Each structure stands twice: as C-alpha cells, then as structure tokens.
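Here's the structure, in structure tokens; my notes come after.
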Amino acid sequence: MRFGEWDVRTCIAGRFGLDGGAMFGVVPKTMWERLIAPDAYNRVPMVMRVLLVRGHGKTIVVDVGAGAGHSEKNRQIYAFEETDHLGDSIRALGVEPSAVTDVLLTHLHFDHGAGIVEPDGNDWRLLFPNAAHHVQHSQWRHAFAPTPRDKASYYEDRMRVMERDGVLRLHEGPWSLAPGFDLLVFDGHTPGQQLPVIGDERARLFFCGDLIPTHHHIPTPYVMSYDLFPVTVMDEKTSLLERASAGNWLLCFEHDAHVEACRIQKDGRRFSTGERVEIDGK
Ligand SMILES: [Zn+2]
C-alpha cells in the first residue's frame with residue numbers, strides 16, 4: 001500500500017503468547033476475555049508484525065521481532081513459535097537482507113529488537129549487516145540500566161552487537177529518516193519509544209508499537225501492566241488518537257493477531273475501532 005512516496009508492506013516476524021492480565025492492566029478478566037480468549041496458561045495470542053518500507057532510495061525495516069535462539073525457559077513462558085524467519089519473509093517480498101539500508105527499532109524490548117541478530121555458533125551475527133540501526137539514546141541508556149520491573153525484557157548480549165559492528169545510530173527526540181518518514185517519541189511504555197508516521201497529507205500510516213499494541217487497546221483505560229508509566233501512556237495515547245482521527249491516519253498494530261490496521265472513530269471524547277484495512281491489500 002502506498003503512503004505518499006513510500007511503499008509499505010507488512011510481514012510477521014513471529015508469534016507468541018503474553019499473559020492476558022499483563023496485556024490489559026487494570027481491566028478485569030471478565031471484560032478482556034470477551035475480546036480475546038486466553039489459553040490454559042492465561043496467555044493471549046500475539047504476533048510480532050514488521051514493516052518493510054521502500055522509497056527515497058531506502059529500504060527500511062521497522063522492528064524485527066524476537067528472532068530465534070531463545071532459552072527453553074523463555075520458550076515455555078512465551079510460547080514462542082520459531083517457524084517464521086524474518087530473513088525469509090523479507091526475501092519473499094523481493095528484498096535481500098543485505099540490501100536493507102535502515103533498521104528502525106521502536107525500542108529494545110526483546111519482542112521488538114532481539115531479532116536484529118541470528119545465532120552464529122556461540123555468538124550472534126546481524127540479520128541486516130549493512131543497515132544503520134536506529135535507536136533513541138534514552139532507550140539505549142535505559143536498556144542497560146533497566147528497573148527490576150522491566151529487566152527481563154532486554155537481551156544485553158544481542159543489543160551489544162549493534163555497537164560491536166558499528167551499525168548503531170542514536171537519536172535525541174523526534175527526527176526524520178527521510179521526507180515523509182518521521183519519528184514521534186513516547187516515554188510512557190518505556191523511555192524513548194520512537195514510532196514512525198509515514199506518508200503525506202493524502203495518506204498517512206502510524207505504526208503503533210507498544211503505545212497501542214492491539215486494536216483492543218484503543219479505549220483509554222486499556223493499557224498494559226508492562227508500561228512503566230501507565231498514566232503517561234493514557235495521555236500520549238489520547239493525543240495521538242486525536243491527531244490520527246483528525247488526519248484520517250491508518251493505524252497499524254504490531255501485536256494484533258487479527259486486525260492488521262484500522263482507522264479511528266471518534267464519538268464525543270471516546271475513540272474506537274473504525275474501518276479495518278489490510279495494508280498488503282490481500
Ligand atoms: Zn515494549
């Protein structure tokens with residue numbers, strides 16, 4: 001699908017399950033289980049959706065999923081399915097991983113950033129070796145000094161490979177990767193989450209990352225227990241949804257197993273799911 005001068009495709013970098021209670025925070029199970037049915041371990045099915053964006057001489061991958069090589073313990077906790085290989089999915093869209101010019105990491109939680117590398121004997125090698133890897137500086141600092149609450153979300157050895165191989169590019173606050181590819185910065189879920197808004201006034205796409213992980217998280221109180229500052233997330237989400245509904249933006253959900261993207265409906269001060277759209281036009 002085209003957004004201004006950019007061609008955008010999506011693919012699934014992997015599937016996993018997260019605790020339903022953690023996904024919906026203070027919303028009682030009697031309410032959220034009507035939206036997504038949990039499995040026997042109370043996990044709800046999630047995907048790790050990735051964008052492939054081409055234009056202005058660039059080939060950009062937005063987030064990379066969790067990759068492979070997980071410990072047995074994590075495999076059991078998160079029910080990782082390692083059947084989707086991001087390199088193969090990108091090739092299926094006609095792009096060699098070595099031709100990717102930029103990897104835009106919204107933040108470094110493992111389900112967004114651990115897939116930058118693949119196992120290489122006892123070590124790791126970059127999946128996109130020729131790409132600049134973009135991270136907010138505040139997120140990079142936080143990732144190596146996390147709180148006890150989010151420590152388990154960062155895989156330090158994998159993140160260090162970006163530094164070792166000289167591909168890390170750190171950014172301070174909102175910035176532009178190219179004309180019509182702008183990064184907005186949010187601090188409620190974790191410090192320095194950068195999310196792209198792509199296109200022009202005729203057609204804009206916003207990739208929601210962990211600000212609005214699924215379409216079920218559009219209503220204000222639906223925020224995750226994983227958020228470090230949930231009240232900040234509610235404020236950030238409300239102002240983003242205001243902009244999105246006023247500009248008729250399409251919102252793409254990184255973790256939604258059922259709804260890839262939708263527009264936003266506004267009734268008074270309430271936001272809800274509008275027209276659903278398949279970005280690849282399937
Ligand atoms: Zn996250």
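Just remember, in the structure tokens the first chain shown is A, the second B, etc., residues are 1-based per chain, and ligands are 1-based in the order shown.
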
- Query: So which residues touch A:Glu260 within 12 Å, counting only C-alpha atoms, skipping near sequence neighbours fewer than 4 positions away, as JSON, numbers by chain?
  - Reply: {"A": [9, 10, 11, 12, 46, 47, 48, 49, 50, 51, 205, 206, 207, 208, 213, 214, 215, 216, 250, 251, 252, 253, 254, 255, 256, 273, 275, 276, 277, 278, 279, 280, 281, 282]}

- Message: Among stretch 58-277 of chain A, which residues does DSSP mark as strand (DSSP E) when it is run on the backbone? Keep the chain and numbering as in the structure and answer as a ChimeraX atom specification.
- Response: /A:58-62,102-104,117-120,123-126,132-136,168-171,175-178,181-186,193-200,203-207,250-252,261-267,270-277

Could I get the residues of chain A with an atom no further than 9 Å from an atom of ligand 1, each paired with its nearest atom pair and that distance in Å to one decimal, using only C-alpha atoms and all ligand atoms, sorted by chain and residue number, as CSV?
```
residue,atom,partner,partner_atom_place_in_ligand_line,distance
A:Thr106,CA,ligand 1,1 (Zn),8.6
A:His107,CA,ligand 1,1 (Zn),6.7
A:Leu108,CA,ligand 1,1 (Zn),7.4
A:His109,CA,ligand 1,1 (Zn),5.0
A:Phe110,CA,ligand 1,1 (Zn),7.8
A:Asp111,CA,ligand 1,1 (Zn),7.2
A:His112,CA,ligand 1,1 (Zn),7.0
A:Ser153,CA,ligand 1,1 (Zn),7.7
A:His189,CA,ligand 1,1 (Zn),6.6
A:Thr190,CA,ligand 1,1 (Zn),7.1
A:Gln193,CA,ligand 1,1 (Zn),8.3
A:Gly209,CA,ligand 1,1 (Zn),7.5
A:Asp210,CA,ligand 1,1 (Zn),5.2
A:Leu211,CA,ligand 1,1 (Zn),8.4
A:Pro213,CA,ligand 1,1 (Zn),8.9
A:Tyr226,CA,ligand 1,1 (Zn),7.3
A:Asp227,CA,ligand 1,1 (Zn),7.7
```

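Neighbouring residues of A:Arg270 at 10 Å or closer, counting only C-alpha atoms and skipping chain neighbours under 3 positions away, are Ile218, Pro219, Thr220, Thr238, Leu241, Gln265, Lys266 and Asp267 of chain A.
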
Output the selection as a PDB file, in the first residue's frame - all heavy atoms for each residue.
```
ATOM      1  N   ILE A 218      -7.347   0.539  22.017  1.00  0.00           N
ATOM      2  CA  ILE A 218      -7.717   1.912  21.632  1.00  0.00           C
ATOM      3  C   ILE A 218      -8.442   2.649  22.768  1.00  0.00           C
ATOM      4  O   ILE A 218      -8.102   3.795  23.057  1.00  0.00           O
ATOM      5  CB  ILE A 218      -8.557   1.890  20.322  1.00  0.00           C
ATOM      6  CG1 ILE A 218      -7.662   1.454  19.150  1.00  0.00           C
ATOM      7  CG2 ILE A 218      -9.176   3.263  20.039  1.00  0.00           C
ATOM      8  CD1 ILE A 218      -8.412   1.191  17.852  1.00  0.00           C
ATOM      9  N   PRO A 219      -9.420   2.057  23.478  1.00  0.00           N
ATOM     10  CA  PRO A 219     -10.078   2.785  24.573  1.00  0.00           C
ATOM     11  C   PRO A 219      -9.065   3.177  25.666  1.00  0.00           C
ATOM     12  O   PRO A 219      -8.182   2.384  26.012  1.00  0.00           O
ATOM     13  CB  PRO A 219     -11.110   1.783  25.111  1.00  0.00           C
ATOM     14  CG  PRO A 219     -11.334   0.825  23.978  1.00  0.00           C
ATOM     15  CD  PRO A 219     -10.009   0.726  23.267  1.00  0.00           C
ATOM     16  N   THR A 220      -9.213   4.372  26.202  1.00  0.00           N
ATOM     17  CA  THR A 220      -8.210   4.946  27.123  1.00  0.00           C
ATOM     18  C   THR A 220      -7.756   4.027  28.261  1.00  0.00           C
ATOM     19  O   THR A 220      -6.556   3.892  28.500  1.00  0.00           O
ATOM     20  CB  THR A 220      -8.747   6.270  27.710  1.00  0.00           C
ATOM     21  OG1 THR A 220      -9.202   7.069  26.610  1.00  0.00           O
ATOM     22  CG2 THR A 220      -7.685   7.027  28.472  1.00  0.00           C
ATOM     23  N   THR A 238      -4.120   9.366  24.071  1.00  0.00           N
ATOM     24  CA  THR A 238      -5.239  10.259  23.767  1.00  0.00           C
ATOM     25  C   THR A 238      -4.822  11.314  22.747  1.00  0.00           C
ATOM     26  O   THR A 238      -5.536  11.551  21.763  1.00  0.00           O
ATOM     27  CB  THR A 238      -5.750  10.937  25.057  1.00  0.00           C
ATOM     28  OG1 THR A 238      -6.125   9.908  25.973  1.00  0.00           O
ATOM     29  CG2 THR A 238      -6.950  11.820  24.787  1.00  0.00           C
ATOM     30  N   LEU A 241      -4.370   9.690  19.330  1.00  0.00           N
ATOM     31  CA  LEU A 241      -5.639   9.324  18.695  1.00  0.00           C
ATOM     32  C   LEU A 241      -6.384  10.558  18.190  1.00  0.00           C
ATOM     33  O   LEU A 241      -7.072  10.501  17.169  1.00  0.00           O
ATOM     34  CB  LEU A 241      -6.501   8.507  19.664  1.00  0.00           C
ATOM     35  CG  LEU A 241      -5.981   7.086  19.936  1.00  0.00           C
ATOM     36  CD1 LEU A 241      -6.765   6.415  21.068  1.00  0.00           C
ATOM     37  CD2 LEU A 241      -6.044   6.221  18.670  1.00  0.00           C
ATOM     38  N   GLN A 265     -12.315   5.929  14.965  1.00  0.00           N
ATOM     39  CA  GLN A 265     -13.623   6.573  15.033  1.00  0.00           C
ATOM     40  C   GLN A 265     -13.674   7.373  16.334  1.00  0.00           C
ATOM     41  O   GLN A 265     -13.203   6.885  17.375  1.00  0.00           O
ATOM     42  CB  GLN A 265     -14.687   5.489  15.070  1.00  0.00           C
ATOM     43  CG  GLN A 265     -15.953   5.894  14.395  1.00  0.00           C
ATOM     44  CD  GLN A 265     -16.788   4.653  14.107  1.00  0.00           C
ATOM     45  OE1 GLN A 265     -16.295   3.678  13.529  1.00  0.00           O
ATOM     46  NE2 GLN A 265     -18.020   4.679  14.548  1.00  0.00           N
ATOM     47  N   LYS A 266     -14.235   8.576  16.280  1.00  0.00           N
ATOM     48  CA  LYS A 266     -14.323   9.383  17.492  1.00  0.00           C
ATOM     49  C   LYS A 266     -15.782   9.772  17.731  1.00  0.00           C
ATOM     50  O   LYS A 266     -16.433  10.330  16.849  1.00  0.00           O
ATOM     51  CB  LYS A 266     -13.465  10.643  17.327  1.00  0.00           C
ATOM     52  CG  LYS A 266     -13.320  11.408  18.615  1.00  0.00           C
ATOM     53  CD  LYS A 266     -12.519  12.680  18.428  1.00  0.00           C
ATOM     54  CE  LYS A 266     -12.494  13.430  19.750  1.00  0.00           C
ATOM     55  NZ  LYS A 266     -12.228  14.847  19.594  1.00  0.00           N
ATOM     56  N   ASP A 267     -16.309   9.408  18.915  1.00  0.00           N
ATOM     57  CA  ASP A 267     -17.668   9.806  19.290  1.00  0.00           C
ATOM     58  C   ASP A 267     -17.537  10.593  20.587  1.00  0.00           C
ATOM     59  O   ASP A 267     -17.256  10.006  21.631  1.00  0.00           O
ATOM     60  CB  ASP A 267     -18.549   8.573  19.518  1.00  0.00           C
ATOM     61  CG  ASP A 267     -18.495   7.619  18.344  1.00  0.00           C
ATOM     62  OD1 ASP A 267     -18.912   8.024  17.256  1.00  0.00           O
ATOM     63  OD2 ASP A 267     -17.993   6.480  18.513  1.00  0.00           O
TER      64      ASP A 267
END
```

- Counting only C-alpha atoms, closest pick from A:Ser176, A:Thr147, A:Ser272, A:Thr232 relative to A:Ser245 is A:Ser272

Per residue of stretch 104-199 of chain A within 7 Å of stretch 94-98 of chain A, what are the shortest atom pair and its distance in Å to one decimal, counting only C-alpha atoms, with rows by chain and residue number, as CSV?
```
residue,atom,partner,partner_atom,distance
A:Leu127,CA,A:Pro97,CA,6.8
A:Phe128,CA,A:Pro97,CA,5.3
A:Pro129,CA,A:Ser98,CA,6.2
A:Asn130,CA,A:Ser98,CA,5.9
```

Please save N, CA and C atoms of the selected residues as a PDB file, in the first residue's frame.
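Produced file selection_28.pdb, reproduced below:
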```
ATOM      1  N   LEU A 127      21.306  -9.762  11.293  1.00  0.00           N
ATOM      2  CA  LEU A 127      20.459 -10.245  10.200  1.00  0.00           C
ATOM      3  C   LEU A 127      20.518  -9.275   9.019  1.00  0.00           C
ATOM      4  N   PHE A 128      20.654  -7.982   9.319  1.00  0.00           N
ATOM      5  CA  PHE A 128      20.744  -6.954   8.271  1.00  0.00           C
ATOM      6  C   PHE A 128      22.093  -6.233   8.429  1.00  0.00           C
ATOM      7  N   PRO A 129      23.184  -6.861   7.952  1.00  0.00           N
ATOM      8  CA  PRO A 129      24.534  -6.396   8.305  1.00  0.00           C
ATOM      9  C   PRO A 129      24.901  -5.030   7.735  1.00  0.00           C
ATOM     10  N   ASN A 130      24.228  -4.620   6.641  1.00  0.00           N
ATOM     11  CA  ASN A 130      24.616  -3.351   6.016  1.00  0.00           C
ATOM     12  C   ASN A 130      23.713  -2.186   6.411  1.00  0.00           C
TER      13      ASN A 130
END
```

- Can you pull out every residue within 12 Å of A:Ala132, counting only C-alpha atoms, but drop anything in the same chain fewer than 3 positions away, and send it as a PyMOL selection string? chain A and resi 58-62+98-105+116+126-129+135+162-163+165-170+177

- Can you tell me, as an MDAnalysis selection string, what residues are no more than 12 Å from A:Asn74 when counting only C-alpha atoms, ignoring any on the same chain fewer than 2 positions away? chainID A and resid 16:18 66 68:72 76:81 110:111 152:153 155

- DSSP-assigned alpha helix (DSSP H) members of stretch 2-118 of chain A, reported as a ChimeraX atom specification: /A:20-24,29-32,72-78,86-92,110-113
